[in-house]
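The data block below is run_39.pdb; it holds PDB, C-alpha atoms.
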```
ATOM      1  CA  MET A   1     101.519  89.041  95.659
ATOM      2  CA  THR A   2     101.281  88.830  99.415
ATOM      3  CA  TYR A   3     102.415  85.907 101.502
ATOM      4  CA  HIS A   4     100.200  83.814 103.732
ATOM      5  CA  GLU A   5      99.716  85.518 107.072
ATOM      6  CA  MET A   6     100.807  82.401 108.930
ATOM      7  CA  MET A   7     104.232  82.695 107.315
ATOM      8  CA  VAL A   8     104.575  86.401 107.980
ATOM      9  CA  LYS A   9     103.318  86.470 111.554
ATOM     10  CA  PRO A  10     106.678  85.506 113.137
ATOM     11  CA  MET A  11     108.363  88.278 111.127
ATOM     12  CA  ARG A  12     105.860  90.811 112.441
ATOM     13  CA  GLU A  13     106.292  89.547 115.997
ATOM     14  CA  GLU A  14     110.079  89.654 115.801
ATOM     15  CA  VAL A  15     109.693  93.427 115.464
ATOM     16  CA  THR A  16     106.733  94.138 117.696
ATOM     17  CA  ARG A  17     108.190  92.225 120.624
ATOM     18  CA  SER A  18     110.814  94.989 120.876
ATOM     19  CA  GLY A  19     108.052  97.476 121.584
ATOM     20  CA  VAL A  20     107.529  98.634 117.999
ATOM     21  CA  GLN A  21     103.929  99.369 117.072
ATOM     22  CA  GLU A  22     102.743  97.945 113.787
ATOM     23  CA  LEU A  23     100.747 100.218 111.470
ATOM     24  CA  ARG A  24      98.488  98.166 109.218
ATOM     25  CA  SER A  25      96.199 100.734 107.618
ATOM     26  CA  VAL A  26      96.377 104.197 106.111
ATOM     27  CA  GLY A  27      94.444 105.462 109.107
ATOM     28  CA  ASP A  28      96.972 103.913 111.497
ATOM     29  CA  VAL A  29      99.820 105.571 109.607
ATOM     30  CA  ASP A  30      98.256 109.018 109.501
ATOM     31  CA  ALA A  31      97.351 108.872 113.162
ATOM     32  CA  ALA A  32     100.913 107.913 114.055
ATOM     33  CA  LEU A  33     102.962 110.012 111.638
ATOM     34  CA  GLY A  34     100.605 112.849 110.839
ATOM     35  CA  PRO A  35     101.220 115.030 113.896
ATOM     36  CA  GLY A  36     104.937 115.039 113.101
ATOM     37  CA  ALA A  37     106.189 115.942 116.591
ATOM     38  CA  GLY A  38     109.138 114.414 118.392
ATOM     39  CA  THR A  39     111.425 111.629 117.250
ATOM     40  CA  VAL A  40     109.938 108.753 115.295
ATOM     41  CA  MET A  41     111.448 105.608 113.829
ATOM     42  CA  VAL A  42     109.713 103.696 111.045
ATOM     43  CA  PHE A  43     111.035 100.228 110.258
ATOM     44  CA  VAL A  44     109.899  98.982 106.850
ATOM     45  CA  ASN A  45     109.730  95.228 107.360
ATOM     46  CA  SER A  46     110.101  92.726 104.538
ATOM     47  CA  VAL A  47     109.932  89.010 103.874
ATOM     48  CA  CYS A  48     113.345  89.111 102.180
ATOM     49  CA  GLY A  49     115.112  86.280 103.951
ATOM     50  CA  CYS A  50     118.616  87.630 104.006
ATOM     51  CA  ALA A  51     118.314  91.421 104.231
ATOM     52  CA  ALA A  52     115.313  91.504 106.553
ATOM     53  CA  GLY A  53     116.553  88.400 108.312
ATOM     54  CA  GLY A  54     119.522  90.511 109.391
ATOM     55  CA  ALA A  55     117.659  93.776 109.851
ATOM     56  CA  ARG A  56     115.136  92.515 112.390
ATOM     57  CA  PRO A  57     117.726  91.245 114.890
ATOM     58  CA  ALA A  58     119.715  94.429 114.302
ATOM     59  CA  LEU A  59     116.697  96.499 115.207
ATOM     60  CA  ALA A  60     116.112  94.445 118.337
ATOM     61  CA  LEU A  61     119.738  95.001 119.352
ATOM     62  CA  ALA A  62     119.566  98.737 118.709
ATOM     63  CA  LEU A  63     116.373  99.094 120.713
ATOM     64  CA  GLN A  64     118.146  97.755 123.786
ATOM     65  CA  HIS A  65     120.129 100.999 123.781
ATOM     66  CA  ALA A  66     119.192 103.529 126.446
ATOM     67  CA  VAL A  67     118.551 106.283 123.901
ATOM     68  CA  ARG A  68     115.677 105.533 121.563
ATOM     69  CA  PRO A  69     113.240 107.494 119.440
ATOM     70  CA  GLN A  70     110.097 108.567 121.277
ATOM     71  CA  HIS A  71     107.850 106.652 118.892
ATOM     72  CA  LEU A  72     108.609 103.297 117.255
ATOM     73  CA  TYR A  73     106.563 102.113 114.302
ATOM     74  CA  THR A  74     106.737  99.464 111.614
ATOM     75  CA  VAL A  75     104.958  98.754 108.350
ATOM     76  CA  PHE A  76     105.247  95.551 106.335
ATOM     77  CA  ALA A  77     106.222  96.024 102.673
ATOM     78  CA  GLY A  78     104.638  93.574 100.271
ATOM     79  CA  GLN A  79     102.000  92.655 102.847
ATOM     80  CA  ASP A  80     100.240  95.787 104.094
ATOM     81  CA  LEU A  81     100.505  97.602 100.796
ATOM     82  CA  ASP A  82      98.397 100.694 101.482
ATOM     83  CA  ALA A  83      99.896 101.313 104.891
ATOM     84  CA  THR A  84     103.411 100.953 103.516
ATOM     85  CA  ALA A  85     102.749 103.312 100.626
ATOM     86  CA  ARG A  86     101.287 105.859 103.028
ATOM     87  CA  ALA A  87     104.217 105.568 105.406
ATOM     88  CA  ARG A  88     106.622 106.085 102.525
ATOM     89  CA  SER A  89     104.782 109.271 101.622
ATOM     90  CA  TYR A  90     106.177 110.734 104.863
ATOM     91  CA  PHE A  91     109.715 110.184 103.543
ATOM     92  CA  ALA A  92     108.969 110.577  99.869
ATOM     93  CA  ASP A  93     112.382 111.975  98.916
ATOM     94  CA  TYR A  94     113.774 108.501  99.552
ATOM     95  CA  GLN A  95     113.302 105.726  97.026
ATOM     96  CA  PRO A  96     111.305 102.772  98.335
ATOM     97  CA  SER A  97     113.350  99.837  99.523
ATOM     98  CA  SER A  98     112.744  97.138 102.050
ATOM     99  CA  PRO A  99     113.881  96.492 104.592
ATOM    100  CA  SER A 100     114.753 100.064 105.465
ATOM    101  CA  VAL A 101     114.649 102.382 108.437
ATOM    102  CA  ALA A 102     113.611 106.033 108.581
ATOM    103  CA  LEU A 103     114.281 108.267 111.557
ATOM    104  CA  LEU A 104     112.262 111.466 111.659
ATOM    105  CA  ARG A 105     112.378 114.397 114.014
ATOM    106  CA  ASP A 106     109.459 116.822 114.045
ATOM    107  CA  GLY A 107     108.346 115.384 110.715
ATOM    108  CA  GLU A 108     111.747 115.769 108.972
ATOM    109  CA  VAL A 109     113.864 112.805 107.931
ATOM    110  CA  VAL A 110     117.171 113.037 109.804
ATOM    111  CA  HIS A 111     118.559 109.568 109.090
ATOM    112  CA  PHE A 112     117.709 106.849 106.611
ATOM    113  CA  VAL A 113     119.043 103.320 106.194
ATOM    114  CA  HIS A 114     118.401 101.799 102.789
ATOM    115  CA  ARG A 115     118.331  98.150 101.959
ATOM    116  CA  HIS A 116     121.675  98.552 100.189
ATOM    117  CA  GLU A 117     123.202  99.542 103.543
ATOM    118  CA  ILE A 118     121.842  96.365 105.150
ATOM    119  CA  GLU A 119     122.709  93.693 102.574
ATOM    120  CA  GLY A 120     125.645  91.535 103.528
ATOM    121  CA  ARG A 121     126.214  93.236 106.880
ATOM    122  CA  PRO A 122     125.992  91.396 110.178
ATOM    123  CA  PRO A 123     123.211  92.616 112.501
ATOM    124  CA  ALA A 124     125.712  94.205 114.900
ATOM    125  CA  MET A 125     126.899  96.556 112.159
ATOM    126  CA  LEU A 126     123.406  97.830 111.386
ATOM    127  CA  ALA A 127     122.628  98.064 115.094
ATOM    128  CA  ALA A 128     125.700 100.269 115.555
ATOM    129  CA  ASN A 129     124.497 102.513 112.722
ATOM    130  CA  LEU A 130     121.081 102.889 114.358
ATOM    131  CA  ILE A 131     122.485 103.469 117.836
ATOM    132  CA  ALA A 132     124.750 106.228 116.522
ATOM    133  CA  ALA A 133     121.714 107.857 114.886
ATOM    134  CA  PHE A 134     119.644 107.521 118.083
ATOM    135  CA  ASP A 135     122.438 109.165 120.091
ATOM    136  CA  ARG A 136     122.819 111.927 117.538
ATOM    137  CA  TYR A 137     119.183 112.764 116.962
ATOM    138  CA  CYS A 138     117.242 111.475 119.953
ATOM    139  CA  SER A 139     119.359 112.200 123.044
ATOM    140  CA  PRO A 140     119.025 115.628 124.680
ATOM    141  CA  GLU A 141     122.755 116.253 124.079
ATOM    142  CA  GLY A 142     122.516 115.133 120.479
ATOM    143  CA  VAL A 143     119.459 117.279 119.834
ATOM    144  CA  ALA A 144     121.211 120.329 121.328
ATOM    145  CA  LYS A 145     124.325 119.753 119.199
ATOM    146  CA  SER A 146     122.275 119.144 116.106
ATOM    147  CA  GLU A 147     120.209 122.286 116.628
ATOM    148  CA  ALA A 148     123.352 124.337 117.261
ATOM    149  CA  GLY A 149     124.763 123.002 114.009
ATOM    150  CA  LEU A 150     121.612 123.931 112.136
ATOM    151  CA  LYS A 151     121.722 127.490 113.510
ATOM    152  CA  ALA A 152     125.396 127.793 112.544
ATOM    153  CA  ASP A 153     124.555 126.559 109.050
ATOM    154  CA  GLY A 154     121.590 128.893 108.767
TER     155      GLY A 154
ATOM    156  CA  MET B   1     133.030  92.993 102.226
ATOM    157  CA  THR B   2     132.344  91.875 105.739
ATOM    158  CA  GLY B   3     133.401  88.278 105.191
ATOM    159  CA  MET B   4     129.791  87.229 105.664
ATOM    160  CA  ILE B   5     128.192  85.224 102.833
ATOM    161  CA  PHE B   6     124.866  86.926 102.256
ATOM    162  CA  HIS B   7     123.212  84.108 100.331
ATOM    163  CA  PRO B   8     124.904  80.755 101.017
ATOM    164  CA  GLY B   9     125.252  78.629  97.899
ATOM    165  CA  HIS B  10     125.598  81.633  95.603
ATOM    166  CA  GLU B  11     128.415  83.949  94.600
ATOM    167  CA  GLU B  12     129.564  86.272  97.373
ATOM    168  CA  LEU B  13     127.904  89.292  95.755
ATOM    169  CA  HIS B  14     124.549  87.621  95.114
ATOM    170  CA  GLY B  15     121.733  89.820  96.418
ATOM    171  CA  ILE B  16     123.999  92.774  97.157
ATOM    172  CA  THR B  17     123.688  96.179  95.499
ATOM    173  CA  VAL B  18     126.731  96.942  93.385
ATOM    174  CA  VAL B  19     128.079  99.566  91.021
ATOM    175  CA  VAL B  20     129.186  98.251  87.648
ATOM    176  CA  ARG B  21     131.388 100.622  85.634
ATOM    177  CA  GLY B  22     131.608  99.730  81.963
ATOM    178  CA  ALA B  23     134.297 100.428  79.381
ATOM    179  CA  SER B  24     131.720 102.403  77.380
ATOM    180  CA  GLY B  25     131.463 104.926  80.228
ATOM    181  CA  ARG B  26     128.027 103.717  81.197
ATOM    182  CA  CYS B  27     127.428 102.782  84.799
ATOM    183  CA  TRP B  28     124.802 100.521  86.345
ATOM    184  CA  VAL B  29     123.656 100.158  89.931
ATOM    185  CA  GLY B  30     121.565  97.167  90.919
ATOM    186  CA  ARG B  31     121.343  93.986  92.935
ATOM    187  CA  TYR B  32     123.916  91.494  91.704
ATOM    188  CA  HIS B  33     122.430  88.161  90.694
ATOM    189  CA  GLU B  34     125.107  86.231  88.832
ATOM    190  CA  ARG B  35     127.787  86.309  86.159
ATOM    191  CA  THR B  36     127.211  83.968  83.226
ATOM    192  CA  GLU B  37     128.627  83.630  79.726
ATOM    193  CA  ARG B  38     126.121  86.312  78.665
ATOM    194  CA  GLY B  39     127.442  88.792  81.183
ATOM    195  CA  ILE B  40     126.536  90.193  84.579
ATOM    196  CA  LEU B  41     122.879  90.008  85.561
ATOM    197  CA  LEU B  42     121.580  92.751  87.857
ATOM    198  CA  HIS B  43     118.076  93.264  89.256
ATOM    199  CA  ASP B  44     116.262  96.569  89.927
ATOM    200  CA  VAL B  45     118.770  98.631  88.018
ATOM    201  CA  ALA B  46     119.502 102.342  87.682
ATOM    202  CA  VAL B  47     121.600 103.364  84.673
ATOM    203  CA  HIS B  48     123.890 106.343  84.156
ATOM    204  CA  ASP B  49     124.791 107.231  80.588
ATOM    205  CA  PRO B  50     127.378 110.017  80.434
ATOM    206  CA  VAL B  51     126.018 111.185  77.093
ATOM    207  CA  THR B  52     122.483 111.832  78.270
ATOM    208  CA  ALA B  53     122.709 112.193  82.058
ATOM    209  CA  PRO B  54     122.198 115.680  83.518
ATOM    210  CA  VAL B  55     124.841 115.120  86.208
ATOM    211  CA  ASP B  56     128.203 113.381  86.217
ATOM    212  CA  ARG B  57     128.616 109.854  87.472
ATOM    213  CA  ASP B  58     130.011 110.713  90.891
ATOM    214  CA  ALA B  59     127.171 113.119  91.638
ATOM    215  CA  TRP B  60     124.684 110.522  90.438
ATOM    216  CA  LEU B  61     126.203 107.852  92.667
ATOM    217  CA  ALA B  62     126.235 110.196  95.656
ATOM    218  CA  ARG B  63     122.539 110.841  95.162
ATOM    219  CA  LEU B  64     121.776 107.115  94.945
ATOM    220  CA  ARG B  65     123.712 106.450  98.136
ATOM    221  CA  LYS B  66     121.731 109.082 100.012
ATOM    222  CA  PHE B  67     118.253 108.757  98.534
ATOM    223  CA  GLY B  68     118.216 105.207  97.195
ATOM    224  CA  ILE B  69     117.925 103.653  93.780
ATOM    225  CA  LYS B  70     115.399 104.910  91.282
ATOM    226  CA  VAL B  71     114.858 101.788  89.215
ATOM    227  CA  ASP B  72     115.059 102.181  85.420
ATOM    228  CA  SER B  73     114.904  98.458  84.574
ATOM    229  CA  LYS B  74     113.770  95.362  86.428
ATOM    230  CA  TYR B  75     116.887  93.613  85.193
ATOM    231  CA  VAL B  76     119.877  94.212  82.947
ATOM    232  CA  VAL B  77     122.524  91.898  81.521
ATOM    233  CA  ILE B  78     125.794  93.757  81.098
ATOM    234  CA  PRO B  79     127.794  92.060  78.367
ATOM    235  CA  ASP B  80     131.367  90.918  78.881
ATOM    236  CA  SER B  81     132.438  93.347  76.156
ATOM    237  CA  GLU B  82     132.040  96.096  78.754
ATOM    238  CA  SER B  83     134.926  94.534  80.752
ATOM    239  CA  ALA B  84     133.103  95.911  83.728
ATOM    240  CA  GLU B  85     134.505  96.771  87.131
ATOM    241  CA  ILE B  86     132.312  95.910  90.109
ATOM    242  CA  GLU B  87     132.249  97.461  93.574
ATOM    243  CA  LEU B  88     129.750  97.779  96.388
ATOM    244  CA  LEU B  89     127.489 100.804  96.223
ATOM    245  CA  GLN B  90     127.967 101.339  99.940
ATOM    246  CA  PRO B  91     131.070  99.691 101.377
ATOM    247  CA  PRO B  92     130.721  98.964 105.095
ATOM    248  CA  GLN B  93     132.025 101.781 107.288
ATOM    249  CA  PRO B  94     134.952 100.823 109.550
TER     250      PRO B  94
END
```
Rewritten as structure tokens:
Amino acid sequence: MTYHEMMVKPMREEVTRSGVQELRSVGDVDAALGPGAGTVMVFVNSVCGCAAGGARPALALALQHAVRPQHLYTVFAGQDLDATARARSYFADYQPSSPSVALLRDGEVVHFVHRHEIEGRPPAMLAANLIAAFDRYCSPEGVAKSEAGLKADG
Amino acid sequence: MTGMIFHPGHEELHGITVVVRGASGRCWVGRYHERTERGILLHDVAVHDPVTAPVDRDAWLARLRKFGIKVDSKYVVIPDSESAEIELLQPPQP
């Protein structure tokens, strides 16, 4: 069951006003995520009053940080069903939950925030989690460190 | 906990994903709804049974924390006879 668009519109806008592009169709998702280059964040939005009600302000806070992923996208679970399912296929190792946040680099998931990591936390706590991930995986210094670590592991 | 009430008007754990460890050795992970005289009601539940599970409980929980919850049942009522212990699946990091 989807909700009336009039009810959901403010929840979409709370995310897109931070510069996040909404993907509403399978075609949108493939065009955005298919190439798989660079750093990409996908925010899986949700009508859930408490978890998403905290996650959206947290995202807005995190996106004020100087270091951000190159591409910012969102899909709306429970509303744009096909687009959400397609987006989740790009991080299929992770069980679906909403709200949630996936951070990908060159098509690989490098950080994931599940709903269970959002519930009951104040927005500042989730924002801090996201900012740490942005610094680690999206800054030039973080990318260099991360790549050095991968080489050492390999 | 963070001291924040997630769903005002409900128990503190309402709507939060918890681990419930039972006296039988079984373990459940799901969203806490409420505790009634019938037991603890969870939604969207994954179950670990030490008799049949391919991995031990700690490895199973570690996988759930990283990759999320693969739901086995939409809801489960865990009876009081389990004398269950409850904790958050993912306690907030300091």
ask   = Mind listing as JSON, numbers by chain which residues of chain A are within 9 Å of chain B, counting all atoms listed in the file?
value = {"A": [50, 51, 93, 94, 95, 96, 97, 112, 113, 114, 115, 116, 117, 119, 120, 121, 122, 125]}
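Of the listed residues A:Asn129, A:Thr2, A:Ser18, A:Gln70, the one whose atoms come nearest to A:Val40 is A:Gln70, with distances taken using only C-alpha atoms.
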Hey, can I get the axis-aligned box for stretch 130-136 of chain A? All listed atoms, 6 Å padding on each side, centre and edge lengths in Å to one decimal, as JSON.
```
{"center_x": 122.2, "center_y": 107.4, "center_z": 117.2, "size_x": 17.1, "size_y": 21.0, "size_z": 17.7}
```
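Distance-wise, atom CA of A:Ser98 and atom CA of A:Val44 end up 5.9 Å apart.
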message = Going by the chain IDs and residue numbers used in this file, which residues fall under the PyMOL selection byres ((chain A and resi 74-90) around 8)? Write them as a VMD selection string.
response = chain A and resid 1 to 3 12 15 20 to 26 28 to 30 33 42 to 47 72 to 73 91 to 92 96 98 to 99 107
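Here the question is which of A:Ala55, A:Ala144, A:Val110, A:Met7 gets nearest to A:Leu126 using only C-alpha atoms, and that residue is A:Ala55.
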Result set of the PyMOL selection byres ((chain B and resi 29) around 7) on the coordinates above, as a ChimeraX atom specification = /B:17-20,27-28,30,45-47
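The space separating atom CA of A:Arg56 from atom CA of A:Gly19 comes to 12.6 Å.
This file gives the following result for the PyMOL selection byres ((chain B and resi 43) around 7): Gly30, Arg31, Tyr32, His33, Leu41, Leu42, Asp44, Val45, Lys74, Tyr75 and Val76 of chain B.
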Selection above as a file: C-alpha atoms, as a JSON list (two decimals), keeping the file's coordinate frame:
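The file below, out-v7.json, is the result:
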```json
[["chain", "number", "residue", "atom", "x", "y", "z"],
["B", 30, "GLY", "CA", 121.56, 97.17, 90.92],
["B", 31, "ARG", "CA", 121.34, 93.99, 92.94],
["B", 32, "TYR", "CA", 123.92, 91.49, 91.70],
["B", 33, "HIS", "CA", 122.43, 88.16, 90.69],
["B", 41, "LEU", "CA", 122.88, 90.01, 85.56],
["B", 42, "LEU", "CA", 121.58, 92.75, 87.86],
["B", 44, "ASP", "CA", 116.26, 96.57, 89.93],
["B", 45, "VAL", "CA", 118.77, 98.63, 88.02],
["B", 74, "LYS", "CA", 113.77, 95.36, 86.43],
["B", 75, "TYR", "CA", 116.89, 93.61, 85.19],
["B", 76, "VAL", "CA", 119.88, 94.21, 82.95]]
```
query = Can you tell me, as number ranges by chain, which residues sit within 12 Å of (136.8, 99.4, 84.5) in the file's frame, using all atoms listed in the file?
reply = B: 19-27, 80-87
Within 10 Å of stretch 65-69 of chain A using all atoms listed in the file, minus same-chain residues under 5 positions, as JSON, numbers by chain = {"A": [38, 39, 40, 41, 42, 60, 103, 104, 105, 127, 128, 130, 131, 132, 133, 134, 135, 136, 137, 138, 139, 140]}
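Between atom CA of B:Arg57 and atom CA of B:Thr36 the interatomic distance comes to 26.3 Å.
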